[in-house]
Amino acid sequence: MRGYSLPSQLEGEIRELEELIRKFKQGEVSATELKAHRVPFGVYEQREPDTYMMRIRCAAGTVSPSQLEQIARIASRHSMSDLHITTRQELQIHYIKLDDIIPLIGALKEIGLATRGGGGNTVRNIISEPDAGTDPQEIFDVSPYAVALTTRMIAENDSWNLPRKFKIAFSGSVEDKAYATLTDIGFIARTQDGKKGFRVYAAGGLGAKSAAGKLLLDFVEADQVYPVAKALKNIFWKYGNRKNKHAARSRFLWNSLGEEEFKKRFYEEYGNIRKEGFMPLAIESEAPVLEAPDLKREEAHDPEGFSRWSKRYAVEQKQKGLFSVRIPVALGFISRERAEELGRFLGPFGDDVLRMTQDQNFLLRNIPAEYLGNVYNFLTVTLPGLDRPAIYGRILSCAGASTCQLGICLSRHAARALMRSLEESGLDLDEIGPIKINISGCPNACGQHQVGDLGFFGKALRKEGHVYPAYNVLAGAVVRDGETQFAEQVGEVPAKYLPDLVKDLLEIYLSKGVRAKSFQNYIRKKGKEDLKRLCARYEKIPAFDEDKNFYFDWDAGALFSLAGRGAGECSAGLFDLIELDLKNIKDTKEKLGDKGTDPAQRGAFLAKLIFYSSRMLLITRGVEPKSEPEVFEAFSRHFIETGLVASSFKPLFDFALRKDYPALLAKDHEATTLADLIAALYASMDNSFNFQAQPSLSETRKKKTVAAAVSEKKEMPPVTVKDFRGVACPMNFVKTKVELAQLKNGELLEIWIDDGPPIENVPGSVKAEGHKIISQKKTGGYWSVVIKK
């Protein structure tokens, strides 16, 4: 199958990026301005300074043998790393220097490939199931539609300036192997009255707030793929949230508009496109163009090994006499040298012989049965490790903290540790059958943990003041047209126990023999309960002084820590530690509520409350103090001296350190107020760890009194009050929207905003979204606006 066509404007866009890089090196443009242009080109900065990763668009996971061979050569000239297969069927090149970006992009263009749309708020790589065109169960081959839609979309300028990334997938049957029910636009092949077409899902996606796609169209004829996709892209471009990237994907637009309004706007766009006229996609013939390989047929040099290998990795296609062969690529990494050899070897089999899979492997296709011996002989020499059960190619991991700015845990290292554990386990892994084990380094789902039979995502836990790496444990995902549901969270496990947990669960499953029928059936009926018991077994770790090993991540040379990571780079992981102290505060306040507590014990509880309150948010500032004096000193520096918290609370720290319980009992109200203010700071925190300064103690009392008076006088619901003074437009409106989103219809929100542009713009914007302004009054130098949702 022929690949996508490059747009005519690509050369000009490359030259623009080249000029920006030149200006950046001369100090004429900022790093931020350069980033805004290079990321949509699929160029991401890695953790190592002046080092970049580049993502190559490979529509439907296709790349010809010649392209693979040349990509490997290009990477050898401009990079120091292996090639990497992504979960969106692309190839990545890592460790690229700034001066090599343009030469590399230009070289890829010469072989018909682009990096444009590899990142940023763009139409990302359009995928299809890797065995499209060969699967006996498929309705029809969907990969030509993915390729043709790619050609059309990357030629449209509005594909590069969307509110957020936009993903599209095509599946050929109800099995939904391309996860069409989990993406912004998903097409699933169907036929109706003898005509080819698709069921269409919209507004799905994986991430920290994942959502399954919603059924938009039960059937649309195949020639409508482009207008449907264009209409959905149009409404996302027009109405998507460009102010808050953490609520900007199309699934948030569906939620904010509601199903009825979303569909109304879709049908308006769709109708306009059809009315104006459009050019249907140019779809290639489904029939594979086969070429007789110019190779001498070989017998397998190890018949016994060949028999094992063919059972594990070779599958007969719907085309008689042809086979597909899965090549397991450990965690998606293949050396440049081996990739070049693979491309050269596959050349005689034609251009349509190679696809990349969502589980980061290669899939060969259209291999004549009589040439399987050739393939086996080549692979066993070129890619050692093929003589292992198929489960090793089913363990998927994201980059994790080794290179990703968002990573919490070293997920790839955990995956490698799991592979070593299984290899040494003595279990009959061939008997397990197909299984997906997905590991993410944080909740952001790059490792697709929500769709695994077993899923894990990284988190941080604390024991006696020491932080250690851990994973949440999920199980039992179902991905299927009309039946998709995410894996259920069943527990958590320390990182160092993850391999033991999986090994023990597989041992339990194998002990059940044929009764379980499949691992998926076992998980659904009994496995989750077994997994919960195993999580409880492995829940506790030794104290730091007993065994420090648990406080290191896999293959790490330093103690596990979140300190030193930039603001906004690992937000999801920090919440685990923050929530832990938030729970400590809640529990301590409950103990303080017991009037029967003796004074000395009550004073000790107040000291703990002050300590937890002071420590709770320090991790957001990249510090992890180990002692009480360090906690109070760091809190003073980062929160009091910066004006986020009033200095009147500072004497509490001295009383707590000296354990002066009588003095603390006299400051009971101040201690609990500090805890309340810290909770309010946390509530005001955005995803970049910016806070809004909290009102003083007197303002807090006044606020509660006013709110109570309004509620009593007018018999209105309680008022939530937020201080947005000092917040410029449009962020004050964005924060108002966030607060309103947490309220029920009819509830009230009071915001405090500045005079000038804020009062001139925010109330009008709020009313435009359908809310009601109850009152707006000027109080001193600011405005109080009460909004009814």
# chains A, B, ... in the order shown; residues from 1 in each chain; ligands from 1

$ select_by_dssp --residues "segment 277-498 of chain A" --states "strand (DSSP E)" --output "PyMOL selection string"
chain A and resi 314-316+322-327+333-334+354-356+362-368+395-397+437-440+454-463+466-475+488-494

$ write_last_selection --atoms "C-alpha atoms" --output "PDB file, in the first residue's frame"
ATOM      1  CA  ALA A 314       3.132 -16.653  12.657  1.00  0.00           C
ATOM      2  CA  VAL A 315      -0.581 -16.269  11.782  1.00  0.00           C
ATOM      3  CA  GLU A 316      -2.285 -17.306   8.572  1.00  0.00           C
ATOM      4  CA  LEU A 322       0.201 -15.899   3.082  1.00  0.00           C
ATOM      5  CA  PHE A 323       1.250 -15.322   6.681  1.00  0.00           C
ATOM      6  CA  SER A 324       1.685 -12.427   9.072  1.00  0.00           C
ATOM      7  CA  VAL A 325       4.619 -12.596  11.460  1.00  0.00           C
ATOM      8  CA  ARG A 326       4.885 -10.616  14.677  1.00  0.00           C
ATOM      9  CA  ILE A 327       8.404  -9.466  15.570  1.00  0.00           C
ATOM     10  CA  PHE A 333      13.463  -0.284  20.967  1.00  0.00           C
ATOM     11  CA  ILE A 334      15.481  -1.530  18.011  1.00  0.00           C
ATOM     12  CA  LEU A 354       5.687  -4.025   7.319  1.00  0.00           C
ATOM     13  CA  ARG A 355       3.429  -2.384   9.916  1.00  0.00           C
ATOM     14  CA  MET A 356       4.014  -1.134  13.445  1.00  0.00           C
ATOM     15  CA  PHE A 362       6.705  -4.927  14.140  1.00  0.00           C
ATOM     16  CA  LEU A 363       4.193  -6.967  12.169  1.00  0.00           C
ATOM     17  CA  LEU A 364       5.270  -8.500   8.868  1.00  0.00           C
ATOM     18  CA  ARG A 365       2.536  -9.280   6.336  1.00  0.00           C
ATOM     19  CA  ASN A 366       2.081 -11.031   3.019  1.00  0.00           C
ATOM     20  CA  ILE A 367       4.862 -13.531   3.689  1.00  0.00           C
ATOM     21  CA  PRO A 368       4.427 -16.624   1.461  1.00  0.00           C
ATOM     22  CA  ILE A 395       4.463  -5.932  27.968  1.00  0.00           C
ATOM     23  CA  LEU A 396       4.078  -2.279  27.083  1.00  0.00           C
ATOM     24  CA  SER A 397       5.551   0.726  28.857  1.00  0.00           C
ATOM     25  CA  ILE A 437       0.376  -5.820  30.533  1.00  0.00           C
ATOM     26  CA  ASN A 438       0.526  -2.032  30.318  1.00  0.00           C
ATOM     27  CA  ILE A 439       2.685   0.180  32.538  1.00  0.00           C
ATOM     28  CA  SER A 440       2.609   3.989  32.749  1.00  0.00           C
ATOM     29  CA  LEU A 454      -3.233  -5.818  33.835  1.00  0.00           C
ATOM     30  CA  GLY A 455      -2.452  -2.120  34.132  1.00  0.00           C
ATOM     31  CA  PHE A 456      -0.111  -0.139  36.342  1.00  0.00           C
ATOM     32  CA  PHE A 457       0.513   3.591  36.705  1.00  0.00           C
ATOM     33  CA  GLY A 458       3.179   5.225  38.817  1.00  0.00           C
ATOM     34  CA  LYS A 459       2.668   7.086  42.058  1.00  0.00           C
ATOM     35  CA  ALA A 460       4.650   8.136  45.123  1.00  0.00           C
ATOM     36  CA  LEU A 461       3.979   6.836  48.639  1.00  0.00           C
ATOM     37  CA  ARG A 462       5.539   7.772  51.960  1.00  0.00           C
ATOM     38  CA  LYS A 463       6.611   5.649  54.930  1.00  0.00           C
ATOM     39  CA  HIS A 466      10.622   8.650  53.308  1.00  0.00           C
ATOM     40  CA  VAL A 467       9.143   8.625  49.811  1.00  0.00           C
ATOM     41  CA  TYR A 468       9.166   5.438  47.739  1.00  0.00           C
ATOM     42  CA  PRO A 469       7.978   4.486  44.218  1.00  0.00           C
ATOM     43  CA  ALA A 470       4.752   2.545  43.805  1.00  0.00           C
ATOM     44  CA  TYR A 471       2.054   1.730  41.276  1.00  0.00           C
ATOM     45  CA  ASN A 472      -1.711   1.678  41.253  1.00  0.00           C
ATOM     46  CA  VAL A 473      -2.934  -1.710  40.027  1.00  0.00           C
ATOM     47  CA  LEU A 474      -5.777  -2.129  37.523  1.00  0.00           C
ATOM     48  CA  ALA A 475      -7.312  -5.131  35.804  1.00  0.00           C
ATOM     49  CA  GLU A 488     -10.811  -1.366  37.320  1.00  0.00           C
ATOM     50  CA  GLN A 489      -8.396  -0.201  40.011  1.00  0.00           C
ATOM     51  CA  VAL A 490      -7.993  -2.963  42.574  1.00  0.00           C
ATOM     52  CA  GLY A 491      -5.102  -1.818  44.747  1.00  0.00           C
ATOM     53  CA  GLU A 492      -1.537  -0.539  44.810  1.00  0.00           C
ATOM     54  CA  VAL A 493       1.876  -2.158  44.997  1.00  0.00           C
ATOM     55  CA  PRO A 494       5.380  -0.890  45.839  1.00  0.00           C
TER      56      PRO A 494
END

$ residues_around --residues "Thr183 of chain A" --least-positions-apart "2" --cutoff "10 Å" --atoms "only C-alpha atoms" --output "PyMOL selection string"
chain A and resi 166-170+178-181+185-187+201-206+210-214+250-251

$ closest_residue --among "A:Gly172, A:Gly207, A:Gly3, A:Gly305" --to "Glu138 of chain A" --atoms "only C-alpha atoms"
A:Gly172

$ residues_around --residues "Arg336 of chain A" --least-positions-apart "5" --cutoff "12 Å" --atoms "only C-alpha atoms" --output "VMD selection string"
chain A and resid 68 to 84 91 to 94 341 to 343 382

$ residues_around --residues "Lys777 of chain A" --least-positions-apart "4" --cutoff "10 Å" --atoms "only C-alpha atoms" --output "PyMOL selection string"
chain A and resi 752+782-786

$ write_last_selection --atoms "N, CA, C and O atoms" --output "PDB file, in the first residue's frame"
ATOM      1  N   TRP A 752     -14.207  37.546  43.723  1.00  0.00           N
ATOM      2  CA  TRP A 752     -13.679  38.877  43.962  1.00  0.00           C
ATOM      3  C   TRP A 752     -12.709  39.188  42.835  1.00  0.00           C
ATOM      4  O   TRP A 752     -11.713  38.466  42.647  1.00  0.00           O
ATOM      5  N   TYR A 782     -12.137  46.577  45.020  1.00  0.00           N
ATOM      6  CA  TYR A 782     -12.414  45.425  44.176  1.00  0.00           C
ATOM      7  C   TYR A 782     -13.921  45.204  44.064  1.00  0.00           C
ATOM      8  O   TYR A 782     -14.726  45.831  44.750  1.00  0.00           O
ATOM      9  N   TRP A 783     -14.309  44.271  43.170  1.00  0.00           N
ATOM     10  CA  TRP A 783     -15.716  43.959  42.923  1.00  0.00           C
ATOM     11  C   TRP A 783     -16.068  42.572  43.457  1.00  0.00           C
ATOM     12  O   TRP A 783     -15.281  41.634  43.336  1.00  0.00           O
ATOM     13  N   SER A 784     -17.252  42.495  44.033  1.00  0.00           N
ATOM     14  CA  SER A 784     -17.817  41.202  44.424  1.00  0.00           C
ATOM     15  C   SER A 784     -18.926  40.859  43.428  1.00  0.00           C
ATOM     16  O   SER A 784     -19.875  41.640  43.262  1.00  0.00           O
ATOM     17  N   VAL A 785     -18.789  39.702  42.762  1.00  0.00           N
ATOM     18  CA  VAL A 785     -19.777  39.265  41.779  1.00  0.00           C
ATOM     19  C   VAL A 785     -20.339  37.914  42.224  1.00  0.00           C
ATOM     20  O   VAL A 785     -19.574  36.966  42.429  1.00  0.00           O
ATOM     21  N   VAL A 786     -21.652  37.840  42.408  1.00  0.00           N
ATOM     22  CA  VAL A 786     -22.296  36.588  42.806  1.00  0.00           C
ATOM     23  C   VAL A 786     -22.971  35.979  41.575  1.00  0.00           C
ATOM     24  O   VAL A 786     -23.780  36.646  40.908  1.00  0.00           O
TER      25      VAL A 786
END

$ residues_around --residues "Pro763 of chain A" --least-positions-apart "5" --cutoff "10 Å" --atoms "only C-alpha atoms" --output "PyMOL selection string"
chain A and resi 733+736+758+768+771-773+775-776+785-787

$ write_last_selection --atoms "all heavy atoms" --output "JSON list (two decimals), in the first residue's frame"
[["chain", "number", "residue", "atom", "x", "y", "z"],
["A", 733, "PHE", "N", -11.38, 34.60, 34.18],
["A", 733, "PHE", "CA", -12.56, 33.92, 33.64],
["A", 733, "PHE", "C", -12.35, 32.41, 33.60],
["A", 733, "PHE", "O", -13.27, 31.64, 33.91],
["A", 733, "PHE", "CB", -12.86, 34.45, 32.24],
["A", 733, "PHE", "CG", -13.99, 33.73, 31.55],
["A", 733, "PHE", "CD1", -15.23, 33.62, 32.13],
["A", 733, "PHE", "CD2", -13.78, 33.12, 30.31],
["A", 733, "PHE", "CE1", -16.26, 32.94, 31.50],
["A", 733, "PHE", "CE2", -14.80, 32.44, 29.67],
["A", 733, "PHE", "CZ", -16.04, 32.35, 30.28],
["A", 736, "THR", "N", -12.84, 31.11, 37.00],
["A", 736, "THR", "CA", -14.27, 31.15, 37.32],
["A", 736, "THR", "C", -14.98, 29.96, 36.71],
["A", 736, "THR", "O", -15.82, 29.31, 37.35],
["A", 736, "THR", "CB", -14.89, 32.47, 36.81],
["A", 736, "THR", "OG1", -14.22, 33.57, 37.43],
["A", 736, "THR", "CG2", -16.38, 32.53, 37.14],
["A", 758, "PRO", "N", -11.18, 43.34, 34.31],
["A", 758, "PRO", "CA", -11.86, 42.16, 34.89],
["A", 758, "PRO", "C", -13.36, 42.35, 35.05],
["A", 758, "PRO", "O", -14.14, 41.49, 34.64],
["A", 758, "PRO", "CB", -11.14, 41.99, 36.24],
["A", 758, "PRO", "CG", -9.77, 42.52, 35.99],
["A", 758, "PRO", "CD", -9.98, 43.71, 35.10],
["A", 768, "ALA", "N", -22.64, 34.84, 28.96],
["A", 768, "ALA", "CA", -22.66, 34.26, 27.61],
["A", 768, "ALA", "C", -22.66, 32.74, 27.65],
["A", 768, "ALA", "O", -23.07, 32.09, 26.69],
["A", 768, "ALA", "CB", -21.45, 34.77, 26.81],
["A", 771, "HIS", "N", -24.94, 31.29, 32.57],
["A", 771, "HIS", "CA", -25.09, 31.47, 34.01],
["A", 771, "HIS", "C", -25.77, 32.81, 34.30],
["A", 771, "HIS", "O", -25.85, 33.69, 33.44],
["A", 771, "HIS", "CB", -23.74, 31.38, 34.70],
["A", 771, "HIS", "CG", -22.96, 30.15, 34.32],
["A", 771, "HIS", "ND1", -23.36, 28.88, 34.65],
["A", 771, "HIS", "CD2", -21.81, 30.00, 33.59],
["A", 771, "HIS", "CE1", -22.49, 28.00, 34.18],
["A", 771, "HIS", "NE2", -21.55, 28.67, 33.53],
["A", 772, "LYS", "N", -26.22, 33.02, 35.54],
["A", 772, "LYS", "CA", -26.93, 34.23, 35.91],
["A", 772, "LYS", "C", -26.12, 35.04, 36.92],
["A", 772, "LYS", "O", -25.61, 34.50, 37.90],
["A", 772, "LYS", "CB", -28.29, 33.87, 36.51],
["A", 772, "LYS", "CG", -29.16, 35.08, 36.84],
["A", 772, "LYS", "CD", -30.53, 34.64, 37.36],
["A", 772, "LYS", "CE", -31.40, 35.85, 37.67],
["A", 772, "LYS", "NZ", -32.73, 35.43, 38.19],
["A", 773, "ILE", "N", -26.00, 36.35, 36.67],
["A", 773, "ILE", "CA", -25.34, 37.24, 37.61],
["A", 773, "ILE", "C", -26.38, 37.72, 38.62],
["A", 773, "ILE", "O", -27.32, 38.45, 38.28],
["A", 773, "ILE", "CB", -24.70, 38.45, 36.90],
["A", 773, "ILE", "CG1", -23.71, 37.99, 35.82],
["A", 773, "ILE", "CG2", -24.02, 39.37, 37.92],
["A", 773, "ILE", "CD1", -22.55, 37.18, 36.35],
["A", 775, "SER", "N", -25.64, 39.45, 41.56],
["A", 775, "SER", "CA", -25.29, 40.81, 41.99],
["A", 775, "SER", "C", -23.83, 41.08, 41.66],
["A", 775, "SER", "O", -23.03, 40.15, 41.53],
["A", 775, "SER", "CB", -25.51, 40.98, 43.50],
["A", 775, "SER", "OG", -24.58, 40.20, 44.23],
["A", 776, "GLN", "N", -23.50, 42.36, 41.49],
["A", 776, "GLN", "CA", -22.11, 42.76, 41.39],
["A", 776, "GLN", "C", -21.98, 44.12, 42.05],
["A", 776, "GLN", "O", -22.62, 45.09, 41.66],
["A", 776, "GLN", "CB", -21.62, 42.76, 39.93],
["A", 776, "GLN", "CG", -22.38, 43.61, 38.94],
["A", 776, "GLN", "CD", -21.86, 43.46, 37.52],
["A", 776, "GLN", "OE1", -21.94, 42.37, 36.93],
["A", 776, "GLN", "NE2", -21.30, 44.53, 36.98],
["A", 785, "VAL", "N", -18.79, 39.70, 42.76],
["A", 785, "VAL", "CA", -19.78, 39.27, 41.78],
["A", 785, "VAL", "C", -20.34, 37.91, 42.22],
["A", 785, "VAL", "O", -19.57, 36.97, 42.43],
["A", 785, "VAL", "CB", -19.15, 39.13, 40.37],
["A", 785, "VAL", "CG1", -20.21, 38.69, 39.36],
["A", 785, "VAL", "CG2", -18.50, 40.44, 39.95],
["A", 786, "VAL", "N", -21.65, 37.84, 42.41],
["A", 786, "VAL", "CA", -22.30, 36.59, 42.81],
["A", 786, "VAL", "C", -22.97, 35.98, 41.57],
["A", 786, "VAL", "O", -23.78, 36.65, 40.91],
["A", 786, "VAL", "CB", -23.33, 36.81, 43.93],
["A", 786, "VAL", "CG1", -24.01, 35.49, 44.30],
["A", 786, "VAL", "CG2", -22.65, 37.42, 45.15],
["A", 787, "ILE", "N", -22.63, 34.73, 41.30],
["A", 787, "ILE", "CA", -23.08, 34.03, 40.09],
["A", 787, "ILE", "C", -23.93, 32.83, 40.49],
["A", 787, "ILE", "O", -23.55, 32.06, 41.38],
["A", 787, "ILE", "CB", -21.87, 33.54, 39.25],
["A", 787, "ILE", "CG1", -20.93, 34.71, 38.95],
["A", 787, "ILE", "CG2", -22.33, 32.85, 37.97],
["A", 787, "ILE", "CD1", -19.54, 34.25, 38.50]]

$ residues_around --residues "Leu10 of chain A" --least-positions-apart "3" --cutoff "9 Å" --atoms "only C-alpha atoms" --output "number ranges by chain"
A: 6-7, 13-15, 109, 114, 116, 155

$ residues_around --residues "Asp430 of chain A" --least-positions-apart "6" --cutoff "10 Å" --atoms "only C-alpha atoms" --output "count of residues only"
7

$ closest_residue --among "A:Lys737, A:Arg480, A:Lys548, A:Arg47" --to "Ala401 of chain A" --atoms "only C-alpha atoms"
A:Arg47

$ select_by_dssp --residues "segment 406-608 of chain A" --states "helix (DSSP H, G or I)" --output "ChimeraX atom specification"
/A:411-425,429-431,449-451,495-511,513-516,519-537,548-551,571-592,599-608

$ decode --residues "segment 175-185 of chain A" --atoms "all heavy atoms" --output "compact mmCIF listing (two decimals), in the first residue's frame"
# COMPACT_ATOMS: atom_id res chain seq x y z
N GLU A 175 -14.02 -6.01 17.11
CA GLU A 175 -12.94 -6.27 18.07
C GLU A 175 -12.19 -4.99 18.41
O GLU A 175 -11.48 -4.93 19.41
CB GLU A 175 -11.97 -7.30 17.50
CG GLU A 175 -12.58 -8.68 17.26
CD GLU A 175 -13.12 -9.28 18.55
OE1 GLU A 175 -12.48 -9.12 19.61
OE2 GLU A 175 -14.19 -9.91 18.49
N ASP A 176 -12.30 -3.96 17.58
CA ASP A 176 -11.73 -2.64 17.83
C ASP A 176 -10.25 -2.69 18.24
O ASP A 176 -9.85 -2.17 19.27
CB ASP A 176 -12.54 -1.89 18.89
CG ASP A 176 -12.15 -0.41 18.98
OD1 ASP A 176 -11.51 0.09 18.05
OD2 ASP A 176 -12.49 0.22 20.00
N LYS A 177 -9.45 -3.28 17.38
CA LYS A 177 -8.02 -3.44 17.68
C LYS A 177 -7.26 -2.12 17.64
O LYS A 177 -6.15 -2.03 18.16
CB LYS A 177 -7.40 -4.43 16.71
CG LYS A 177 -7.97 -5.83 16.79
CD LYS A 177 -7.32 -6.73 15.74
CE LYS A 177 -7.97 -8.09 15.68
NZ LYS A 177 -7.38 -8.94 14.60
N ALA A 178 -7.83 -1.10 17.00
CA ALA A 178 -7.15 0.20 16.93
C ALA A 178 -7.65 1.17 17.99
O ALA A 178 -7.27 2.34 17.99
CB ALA A 178 -7.33 0.82 15.54
N TYR A 179 -8.51 0.71 18.91
CA TYR A 179 -9.05 1.55 19.99
C TYR A 179 -9.84 2.74 19.44
O TYR A 179 -9.74 3.86 19.94
CB TYR A 179 -7.93 2.04 20.90
CG TYR A 179 -7.12 0.95 21.56
CD1 TYR A 179 -5.85 1.20 22.06
CD2 TYR A 179 -7.62 -0.34 21.71
CE1 TYR A 179 -5.10 0.22 22.68
CE2 TYR A 179 -6.88 -1.34 22.32
CZ TYR A 179 -5.62 -1.06 22.80
OH TYR A 179 -4.87 -2.06 23.41
N ALA A 180 -10.67 2.47 18.43
CA ALA A 180 -11.49 3.54 17.86
C ALA A 180 -12.53 4.04 18.86
O ALA A 180 -13.01 5.16 18.74
CB ALA A 180 -12.19 3.03 16.59
N THR A 181 -12.89 3.22 19.84
CA THR A 181 -13.84 3.65 20.87
C THR A 181 -13.17 4.44 21.98
O THR A 181 -13.81 4.78 22.98
CB THR A 181 -14.56 2.43 21.48
OG1 THR A 181 -13.58 1.51 21.98
CG2 THR A 181 -15.44 1.74 20.47
N LEU A 182 -11.88 4.75 21.80
CA LEU A 182 -11.13 5.45 22.85
C LEU A 182 -10.35 6.63 22.30
O LEU A 182 -9.25 6.92 22.76
CB LEU A 182 -10.17 4.47 23.53
CG LEU A 182 -10.81 3.36 24.37
CD1 LEU A 182 -9.79 2.28 24.71
CD2 LEU A 182 -11.41 3.94 25.64
N THR A 183 -10.91 7.32 21.31
CA THR A 183 -10.15 8.39 20.69
C THR A 183 -11.08 9.53 20.29
O THR A 183 -12.30 9.43 20.42
CB THR A 183 -9.38 7.83 19.47
OG1 THR A 183 -8.41 8.78 19.04
CG2 THR A 183 -10.32 7.47 18.35
N ASP A 184 -10.50 10.64 19.82
CA ASP A 184 -11.31 11.81 19.48
C ASP A 184 -12.30 11.51 18.35
O ASP A 184 -13.44 11.95 18.39
CB ASP A 184 -10.40 12.97 19.08
CG ASP A 184 -9.53 13.43 20.24
OD1 ASP A 184 -10.09 13.99 21.19
OD2 ASP A 184 -8.32 13.21 20.20
N ILE A 185 -11.83 10.78 17.32
CA ILE A 185 -12.74 10.27 16.28
C ILE A 185 -12.38 8.81 16.03
O ILE A 185 -11.22 8.50 15.75
CB ILE A 185 -12.62 11.03 14.94
CG1 ILE A 185 -12.72 12.54 15.13
CG2 ILE A 185 -13.71 10.57 13.98
CD1 ILE A 185 -12.53 13.32 13.83
